[in-house]
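A.B. asks: Have a look at the structure that comes next, please.
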Amino acid sequence: MQESSETYKKKYGVTPADADHETLIKMIEDCFKEGLETQLEPFPETDREFSAILDELRGLDADQLRAKLGISGWKLAPHGEDDMRCQECMYYLVHRRWCDLPELNLPAEPEWWCRLWRI
Ligand code: SF4
């Protein structure tokens with residue numbers, strides 16, 4: 001799917017910026033069903049690398065959902081040998097099922113993950 005506010009509006013009746021929790025979850029899942037590949041590597045090992053990814057994300061607006069997922073290396077499953085997942089990430093609001101990292105600011109399921117994962 002071409003990423004534009006108009007396309008989201010046509011498909012969901014709303015853009016990601018205005019979508020509620022449930023609709024955003026659906027949008028995210030649909031991106032992957034439509035074949036979205038995200039940048040799982042490299043995992044940022046230093047603050048500098050971590051900040052560089054945040055800088056990229058800051059350049060996006062709230063309707064650029066696919067780009068956000070792509071850059072952050074989003075995944076709808078735990079990652080790595082240690083099964084890292086949102087549930088244990090410091091940015092995850094368990095009760096809201098929400099990623100509170102300002103540059104992402106998206107709903108997330110506890111079993112999901114992205115390369116900005118931190119504890
Ligand atoms: S930063 Fe990534 S791993 Fe952490 S809660 Fe957000 S989406 Fe999940």
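Each chain of the structure tokens is named A, B, ... in the order shown, its residues numbered from 1; ligands are numbered from 1 in display order.
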Got a sec: who's within 8 Å of stretch 49-57 of chain A, counting only C-alpha atoms, leaving out chain neighbours fewer than 4 positions off, as an MDAnalysis selection string?
C.D. replies: chainID A and resid 44:45 68 71:72 103:104 116
A.B. asks: Please, which residues have at least one atom within 6 Å of an atom of ligand 1, using only C-alpha atoms and all ligand atoms, listed as number ranges by chain?
C.D. replies: A: 85-86, 89, 91-92, 99, 101, 113-114, 116-117
A.B. asks: So that I have them on file, write out the residues from the current selection with N, CA and C atoms, as a PDB file, in the first residue's frame.
C.D. replies:
```pdb
ATOM      1  N   ARG A  85      10.682  -8.492  24.240  1.00  0.00           N
ATOM      2  CA  ARG A  85       9.346  -8.063  23.814  1.00  0.00           C
ATOM      3  C   ARG A  85       8.960  -6.769  24.519  1.00  0.00           C
ATOM      4  N   CYS A  86       7.941  -6.111  23.977  1.00  0.00           N
ATOM      5  CA  CYS A  86       7.487  -4.831  24.530  1.00  0.00           C
ATOM      6  C   CYS A  86       7.184  -4.932  26.019  1.00  0.00           C
ATOM      7  N   CYS A  89       9.916  -3.839  28.082  1.00  0.00           N
ATOM      8  CA  CYS A  89      10.635  -2.626  27.661  1.00  0.00           C
ATOM      9  C   CYS A  89      10.271  -1.461  28.579  1.00  0.00           C
ATOM     10  N   TYR A  91       9.765   1.500  27.891  1.00  0.00           N
ATOM     11  CA  TYR A  91       8.830   2.459  27.290  1.00  0.00           C
ATOM     12  C   TYR A  91       7.397   1.926  27.228  1.00  0.00           C
ATOM     13  N   TYR A  92       7.215   0.696  27.655  1.00  0.00           N
ATOM     14  CA  TYR A  92       5.896   0.091  27.482  1.00  0.00           C
ATOM     15  C   TYR A  92       4.978   0.378  28.660  1.00  0.00           C
ATOM     16  N   CYS A  99       3.161   2.022  23.456  1.00  0.00           N
ATOM     17  CA  CYS A  99       4.585   2.379  23.459  1.00  0.00           C
ATOM     18  C   CYS A  99       4.692   3.875  23.680  1.00  0.00           C
ATOM     19  N   LEU A 101       7.375   5.722  23.968  1.00  0.00           N
ATOM     20  CA  LEU A 101       8.530   6.427  23.408  1.00  0.00           C
ATOM     21  C   LEU A 101       7.964   7.520  22.492  1.00  0.00           C
ATOM     22  N   TRP A 113       7.761  -6.268  19.492  1.00  0.00           N
ATOM     23  CA  TRP A 113       9.123  -5.802  19.785  1.00  0.00           C
ATOM     24  C   TRP A 113       9.541  -4.789  18.735  1.00  0.00           C
ATOM     25  N   CYS A 114      10.503  -3.945  19.079  1.00  0.00           N
ATOM     26  CA  CYS A 114      11.206  -3.150  18.055  1.00  0.00           C
ATOM     27  C   CYS A 114      12.625  -2.945  18.530  1.00  0.00           C
ATOM     28  N   LEU A 116      14.256  -0.478  19.326  1.00  0.00           N
ATOM     29  CA  LEU A 116      14.494   0.573  20.333  1.00  0.00           C
ATOM     30  C   LEU A 116      14.226   0.037  21.733  1.00  0.00           C
ATOM     31  N   TRP A 117      14.034  -1.263  21.805  1.00  0.00           N
ATOM     32  CA  TRP A 117      13.775  -1.949  23.082  1.00  0.00           C
ATOM     33  C   TRP A 117      14.871  -1.619  24.096  1.00  0.00           C
TER      34      TRP A 117
END
```
A.B. asks: Have a look at A:Leu65, A:Thr38, A:Glu22, A:Tyr8 and name the one nearest to A:Glu109; count only C-alpha atoms.
C.D. replies: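 Among A:Leu65, A:Thr38, A:Glu22, A:Tyr8, it is A:Glu22 that comes nearest to A:Glu109.
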A.B. asks: Would you compute the distance between atom CA of A:Arg96 and atom CA of A:Pro42? Give it in Å to one decimal.
C.D. replies: 28.5 Å
A.B. asks: For A:His95, find every residue with an atom within 12 Å (counting only C-alpha atoms), except residues of its own chain fewer than 6 positions away, and show them as a PyMOL selection string.
C.D. replies: chain A and resi 87+107-110
A.B. asks: As a PDB file with N, CA and C atoms, in the first residue's frame, which residues of chain A does DSSP assign to strand (DSSP E or B)?
C.D. replies:
```
ATOM      1  N   LYS A  75       8.258  -5.471  14.976  1.00  0.00           N
ATOM      2  CA  LYS A  75       8.038  -6.896  14.730  1.00  0.00           C
ATOM      3  C   LYS A  75       6.839  -7.357  15.549  1.00  0.00           C
ATOM      4  N   HIS A  79      11.690 -11.118  20.024  1.00  0.00           N
ATOM      5  CA  HIS A  79      12.888 -11.125  19.186  1.00  0.00           C
ATOM      6  C   HIS A  79      14.103 -11.697  19.911  1.00  0.00           C
ATOM      7  N   MET A  84      13.073 -11.013  23.543  1.00  0.00           N
ATOM      8  CA  MET A  84      12.783  -9.640  23.973  1.00  0.00           C
ATOM      9  C   MET A  84      11.418  -9.237  23.441  1.00  0.00           C
ATOM     10  N   TYR A  92       7.215   0.696  27.655  1.00  0.00           N
ATOM     11  CA  TYR A  92       5.896   0.091  27.482  1.00  0.00           C
ATOM     12  C   TYR A  92       4.978   0.378  28.660  1.00  0.00           C
ATOM     13  N   LEU A  93       3.789   0.906  28.337  1.00  0.00           N
ATOM     14  CA  LEU A  93       2.766   1.120  29.364  1.00  0.00           C
ATOM     15  C   LEU A  93       1.839  -0.088  29.339  1.00  0.00           C
ATOM     16  N   TRP A  98       0.593   0.350  25.297  1.00  0.00           N
ATOM     17  CA  TRP A  98       1.028   1.507  24.509  1.00  0.00           C
ATOM     18  C   TRP A  98       2.546   1.679  24.586  1.00  0.00           C
ATOM     19  N   CYS A  99       3.161   2.022  23.456  1.00  0.00           N
ATOM     20  CA  CYS A  99       4.585   2.379  23.459  1.00  0.00           C
ATOM     21  C   CYS A  99       4.692   3.875  23.680  1.00  0.00           C
ATOM     22  N   LEU A 106       2.733   4.760  19.823  1.00  0.00           N
ATOM     23  CA  LEU A 106       1.815   3.852  19.119  1.00  0.00           C
ATOM     24  C   LEU A 106       1.342   2.753  20.065  1.00  0.00           C
ATOM     25  N   PRO A 107       0.189   2.160  19.771  1.00  0.00           N
ATOM     26  CA  PRO A 107      -0.211   1.003  20.568  1.00  0.00           C
ATOM     27  C   PRO A 107       0.688  -0.181  20.229  1.00  0.00           C
ATOM     28  N   TRP A 113       7.761  -6.268  19.492  1.00  0.00           N
ATOM     29  CA  TRP A 113       9.123  -5.802  19.785  1.00  0.00           C
ATOM     30  C   TRP A 113       9.541  -4.789  18.735  1.00  0.00           C
TER      31      TRP A 113
END
```
A.B. asks: When distances are computed from only C-alpha atoms, which of A:Thr7, A:Val94, A:Asp100, A:Gly80 shows the smallest separation from A:Phe43?
C.D. replies: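 Result for the nearest residue to A:Phe43: A:Gly80.
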